[in-house]
Amino acid sequence: MDAAAALPEAWSQVRAPVIVPLLRLAVAVCLTMSVLLFLERLYMAVVIAGVRLLGRRPERRYRCDPVPEDDPELGPAAFPSVLVQIPMFNEREVYQLSIGAVCGLSWPAERLVVQVLDDSTDPVIKEMVRLECERWARKGINITYQIREDRQGYKAGALKAGMKHAYVRGCEFVAMFDADFQPEPDFLKRTIPYLVHNPEIALVQARWRFVNADECLMTRMQEMSLDYHFTVEQEVSSSVCAFFGFNGTAGVWRISAVNEAGGWKDRTTVEDMDLAIRASLKGWKFVYLGDVQVKSELPSTFKAFRFQQHRWSCGPANLFRKMLMEIVTNKKVTIWKKIHVIYNFFLIRKIVAHIITFTFYCLIIPATIFVPEVRIPKWGCVYIPSCITLLNAVGTPRSFHLLFFWVAFENVMSLHRTKATLIGLLEAGRANEWVVTEKLGNALKMKSSSKANKRQFMKQFMRIWERLHVTELGVGAFLFSCGCYDVAYGKDHFFIYLFFQSIAFFIVGIGYIGTIVPQS
């Protein structure tokens, strides 16, 4: 009783001298970051509009004449030798899709080497992949099946080991596809010419197209985020300074550029971005082709998506920590390119964008409800966030009606992205955690076909306690309590947002999101 009575008095004593100044400082910092993020989004919107209006497409900026196919003297020798790498790890559901698509590429068989880098730990899956490679080899495809004794370096280690084989020395370029990617037959004919005719170009990156975007609401939300990345961020970076982060798949590298940059390194979980930055610091240029699209699969289970986002958020922050001084002291690139890489690419897009979303909208704004002395200007909590949201929506016009749900979902995921970003910056325990994103392929359709599996699905669905996410439930409870307090004592009507956002956290917290796969 005495302790409970003392709480209000203790709160009143620390509120004015401690809580209010700290909260005002936090609001000022968050408003500053919001303005920086808004200016970055506005800058990219202006640039992409200029690119479209002026027609600065890659084929107008670079020579890309097709490789001659009807040269009677050279014949297939007119085509450069290309290595295609397919790294995979226990990809039972999708290995046939990627291998089949790559083996179907329209390129002379004698000028194409397909390399399947299998790090699978399941002996059954390894045997299945090996037999698939042998099946295509009997059809005349130059395909090799490579395994390692251990998974040291994960994907980077597999790609690095693949480049050491003697038959790779005769190849000029290397294309890479993850196990769920399915390039069209003309992929090489549309990308290789940029490398052949422009010796300053090291990388040609294609766009991803998602085959399961309509599977569930979570995949639609992912499509909206990734479409902005490809439609705006990649296009702007490619047009302005010929630099962007390699996406790790659906791209073609000049092998000499890879070697000059130091090859693959496994010091972070974003080996693709690491290589791209090192190559860029050597003076190499990159080209993004938005009209060349490669089919791929979005993670449709929340568990897979959460692990993927941890890797994508933690890796860049950790790489920024390790490469900052290397970028600053580099003498081969201009000061403007250094500013673009450090400020635009890393600081704003990879760090501020993650931290501000969760800190401001899920912590600071709700906290100000309990401290009415701290006011947030309407432009900071309404106008700027609304503008940023609308600018992000241009990538996927068909999903504009889902914008409100996308905002709520992104705020939930910002919890994991903020945590991962801080882990990467501080290089904490999970900084180098690598979990391969699970791909379902057609597994869900097959598993849900029988009545028995449907009954098992419902039984598993009812075991809610196995799918609970305590952190999301805790944040949801905090936001809901803030909303209730705002209804009773507030004047800014924040409760409208807080109740809606708390519902989003509760939905994710009970695991009612994404595809729920019945166990076999």
# chains A, B, ... in the order shown; residues from 1 in each chain; ligands from 1

$ residues_around --residues "Arg151 of chain A" --least-positions-apart "3" --cutoff "10 Å" --atoms "only C-alpha atoms" --output "PyMOL selection string"
chain A and resi 89+118-121+147-148+154-158

$ closest_atom_pairs --of "segment 201-290 of chain A" --to "segment 417-431 of chain A" --cutoff "12 Å" --atoms "only C-alpha atoms" --output "CSV"
residue,atom,partner,partner_atom,distance
A:Arg267,CA,A:Ala431,CA,10.0
A:Thr268,CA,A:Ala431,CA,7.6
A:Thr269,CA,A:Ala431,CA,7.9
A:Val270,CA,A:Ala431,CA,10.9

$ residues_around --residues "Ile86 of chain A" --least-positions-apart "3" --cutoff "9 Å" --atoms "only C-alpha atoms" --output "PyMOL selection string"
chain A and resi 98-99+102+114-118+159+175-179

$ residues_around --residues "Ile143 of chain A" --least-positions-apart "3" --cutoff "12 Å" --atoms "only C-alpha atoms" --output "PyMOL selection string"
chain A and resi 83-86+99-100+102-104+109-117+129-140+146+167

$ write_last_selection --atoms "C-alpha atoms" --output "tab-separated table (two decimals), in the first residue's frame"
chain	number	residue	atom	x	y	z
A	83	LEU	CA	29.44	-19.22	-65.97
A	84	VAL	CA	26.08	-19.54	-64.21
A	85	GLN	CA	26.15	-20.30	-60.49
A	86	ILE	CA	23.17	-21.65	-58.53
A	99	ILE	CA	18.11	-25.71	-62.63
A	100	GLY	CA	15.55	-26.19	-65.40
A	102	VAL	CA	19.05	-21.95	-66.22
A	103	CYS	CA	19.57	-24.96	-68.46
A	104	GLY	CA	16.95	-23.49	-70.78
A	109	ALA	CA	25.98	-24.86	-75.08
A	110	GLU	CA	29.74	-24.80	-75.65
A	111	ARG	CA	29.90	-21.22	-74.29
A	112	LEU	CA	27.83	-21.86	-71.16
A	113	VAL	CA	28.88	-23.55	-67.91
A	114	VAL	CA	26.22	-24.22	-65.26
A	115	GLN	CA	27.51	-24.71	-61.75
A	116	VAL	CA	25.19	-26.03	-59.02
A	117	LEU	CA	26.76	-25.26	-55.63
A	129	VAL	CA	19.86	-32.42	-56.84
A	130	ARG	CA	22.73	-34.56	-58.14
A	131	LEU	CA	20.36	-36.71	-60.19
A	132	GLU	CA	18.71	-33.59	-61.63
A	133	CYS	CA	22.12	-32.30	-62.72
A	134	GLU	CA	22.94	-35.64	-64.34
A	135	ARG	CA	19.61	-35.58	-66.17
A	136	TRP	CA	20.42	-32.24	-67.77
A	137	ALA	CA	24.00	-33.31	-68.49
A	138	ARG	CA	22.64	-36.21	-70.56
A	139	LYS	CA	20.75	-33.62	-72.62
A	140	GLY	CA	24.01	-31.94	-73.60
A	146	GLN	CA	29.73	-29.12	-56.67
A	167	TYR	CA	37.23	-24.61	-65.97

$ select_by_dssp --residues "segment 270-406 of chain A" --states "strand (DSSP E or B)" --output "PyMOL selection string"
chain A and resi 285-296+301

$ write_last_selection --atoms "N, CA, C and O atoms" --output "JSON list (two decimals), in the first residue's frame"
[["chain", "number", "residue", "atom", "x", "y", "z"],
["A", 285, "LYS", "N", 31.45, 0.53, -62.81],
["A", 285, "LYS", "CA", 30.08, 1.03, -62.91],
["A", 285, "LYS", "C", 29.08, -0.13, -62.94],
["A", 285, "LYS", "O", 29.43, -1.24, -63.38],
["A", 286, "PHE", "N", 27.86, 0.15, -62.51],
["A", 286, "PHE", "CA", 26.79, -0.85, -62.50],
["A", 286, "PHE", "C", 25.62, -0.34, -63.34],
["A", 286, "PHE", "O", 25.40, 0.87, -63.44],
["A", 287, "VAL", "N", 24.86, -1.27, -63.88],
["A", 287, "VAL", "CA", 23.67, -0.94, -64.67],
["A", 287, "VAL", "C", 22.49, -1.76, -64.16],
["A", 287, "VAL", "O", 22.61, -2.97, -63.97],
["A", 288, "TYR", "N", 21.38, -1.08, -63.95],
["A", 288, "TYR", "CA", 20.14, -1.76, -63.55],
["A", 288, "TYR", "C", 19.18, -1.77, -64.72],
["A", 288, "TYR", "O", 18.90, -0.73, -65.33],
["A", 289, "LEU", "N", 18.67, -2.96, -65.06],
["A", 289, "LEU", "CA", 17.71, -3.12, -66.17],
["A", 289, "LEU", "C", 16.34, -3.48, -65.60],
["A", 289, "LEU", "O", 16.08, -4.63, -65.26],
["A", 290, "GLY", "N", 15.48, -2.48, -65.49],
["A", 290, "GLY", "CA", 14.17, -2.72, -64.91],
["A", 290, "GLY", "C", 13.24, -3.51, -65.79],
["A", 290, "GLY", "O", 12.27, -4.11, -65.30],
["A", 291, "ASP", "N", 13.50, -3.53, -67.11],
["A", 291, "ASP", "CA", 12.61, -4.27, -68.01],
["A", 291, "ASP", "C", 13.03, -5.73, -68.18],
["A", 291, "ASP", "O", 12.34, -6.50, -68.85],
["A", 292, "VAL", "N", 14.15, -6.12, -67.60],
["A", 292, "VAL", "CA", 14.55, -7.54, -67.59],
["A", 292, "VAL", "C", 14.14, -8.10, -66.23],
["A", 292, "VAL", "O", 14.74, -7.75, -65.20],
["A", 293, "GLN", "N", 13.14, -8.95, -66.21],
["A", 293, "GLN", "CA", 12.57, -9.44, -64.95],
["A", 293, "GLN", "C", 12.79, -10.94, -64.81],
["A", 293, "GLN", "O", 12.68, -11.69, -65.80],
["A", 294, "VAL", "N", 13.08, -11.35, -63.58],
["A", 294, "VAL", "CA", 13.34, -12.76, -63.29],
["A", 294, "VAL", "C", 12.34, -13.21, -62.22],
["A", 294, "VAL", "O", 12.21, -12.58, -61.17],
["A", 295, "LYS", "N", 11.65, -14.28, -62.50],
["A", 295, "LYS", "CA", 10.64, -14.79, -61.57],
["A", 295, "LYS", "C", 11.32, -15.34, -60.31],
["A", 295, "LYS", "O", 12.35, -16.01, -60.38],
["A", 296, "SER", "N", 10.70, -15.04, -59.16],
["A", 296, "SER", "CA", 11.23, -15.50, -57.88],
["A", 296, "SER", "C", 10.08, -15.67, -56.91],
["A", 296, "SER", "O", 8.93, -15.36, -57.22],
["A", 301, "THR", "N", 5.82, -17.48, -45.20],
["A", 301, "THR", "CA", 5.60, -17.76, -43.78],
["A", 301, "THR", "C", 6.28, -16.66, -42.98],
["A", 301, "THR", "O", 7.34, -16.15, -43.37]]

$ residues_around --residues "segment 481-484 of chain A" --least-positions-apart "5" --cutoff "7 Å" --atoms "only C-alpha atoms" --output "VMD selection string"
chain A and resid 366 369 494 to 495 498 to 499

$ write_last_selection --atoms "all heavy atoms" --output "CSV table (one decimal), in the first residue's frame"
chain,number,residue,atom,x,y,z
A,366,PRO,N,3.7,7.4,-28.8
A,366,PRO,CA,2.9,6.9,-27.7
A,366,PRO,C,3.3,7.4,-26.3
A,366,PRO,O,2.5,7.7,-25.4
A,366,PRO,CB,3.0,5.4,-27.7
A,366,PRO,CG,3.4,5.1,-29.2
A,366,PRO,CD,4.3,6.3,-29.6
A,369,ILE,N,2.0,10.8,-24.9
A,369,ILE,CA,0.6,10.9,-24.4
A,369,ILE,C,0.6,11.0,-22.9
A,369,ILE,O,-0.3,11.6,-22.3
A,369,ILE,CB,-0.2,9.6,-24.9
A,369,ILE,CG1,-0.4,9.6,-26.4
A,369,ILE,CG2,-1.5,9.5,-24.2
A,369,ILE,CD1,-0.9,8.4,-27.0
A,494,PHE,N,-4.6,10.7,-30.9
A,494,PHE,CA,-3.6,9.7,-31.3
A,494,PHE,C,-4.2,8.3,-31.2
A,494,PHE,O,-3.7,7.3,-31.8
A,494,PHE,CB,-2.3,9.8,-30.5
A,494,PHE,CG,-1.4,10.9,-30.9
A,494,PHE,CD1,-0.7,11.6,-29.9
A,494,PHE,CD2,-1.3,11.3,-32.2
A,494,PHE,CE1,0.2,12.6,-30.3
A,494,PHE,CE2,-0.4,12.3,-32.6
A,494,PHE,CZ,0.3,13.0,-31.6
A,495,PHE,N,-5.2,8.2,-30.4
A,495,PHE,CA,-5.8,6.8,-30.2
A,495,PHE,C,-6.3,6.2,-31.4
A,495,PHE,O,-6.3,4.9,-31.5
A,495,PHE,CB,-6.9,6.9,-29.1
A,495,PHE,CG,-8.1,7.7,-29.6
A,495,PHE,CD1,-9.2,7.0,-30.3
A,495,PHE,CD2,-8.3,9.0,-29.4
A,495,PHE,CE1,-10.3,7.7,-30.8
A,495,PHE,CE2,-9.4,9.7,-29.8
A,495,PHE,CZ,-10.4,9.1,-30.5
A,498,LEU,N,-3.2,4.6,-32.7
A,498,LEU,CA,-2.7,3.6,-31.7
A,498,LEU,C,-3.5,2.3,-31.6
A,498,LEU,O,-2.9,1.2,-31.5
A,498,LEU,CB,-2.6,4.3,-30.3
A,498,LEU,CG,-1.6,5.4,-30.2
A,498,LEU,CD1,-1.8,6.1,-28.8
A,498,LEU,CD2,-0.2,4.9,-30.3
A,499,PHE,N,-4.8,2.4,-31.7
A,499,PHE,CA,-5.6,1.2,-31.6
A,499,PHE,C,-5.4,0.4,-32.9
A,499,PHE,O,-5.3,-0.8,-32.8
A,499,PHE,CB,-7.1,1.6,-31.5
A,499,PHE,CG,-7.5,2.1,-30.1
A,499,PHE,CD1,-8.5,3.0,-29.9
A,499,PHE,CD2,-6.8,1.5,-29.0
A,499,PHE,CE1,-8.8,3.4,-28.6
A,499,PHE,CE2,-7.2,1.9,-27.7
A,499,PHE,CZ,-8.2,2.9,-27.5

$ closest_residue --among "A:Ser239, A:Met163, A:Ser300, A:Trp107" --to "Gly50 of chain A" --atoms "only C-alpha atoms"
A:Ser239

$ closest_residue --among "A:Ile48, A:Pro80, A:Met323, A:Gly162" --to "Lys189 of chain A" --atoms "only C-alpha atoms"
A:Pro80
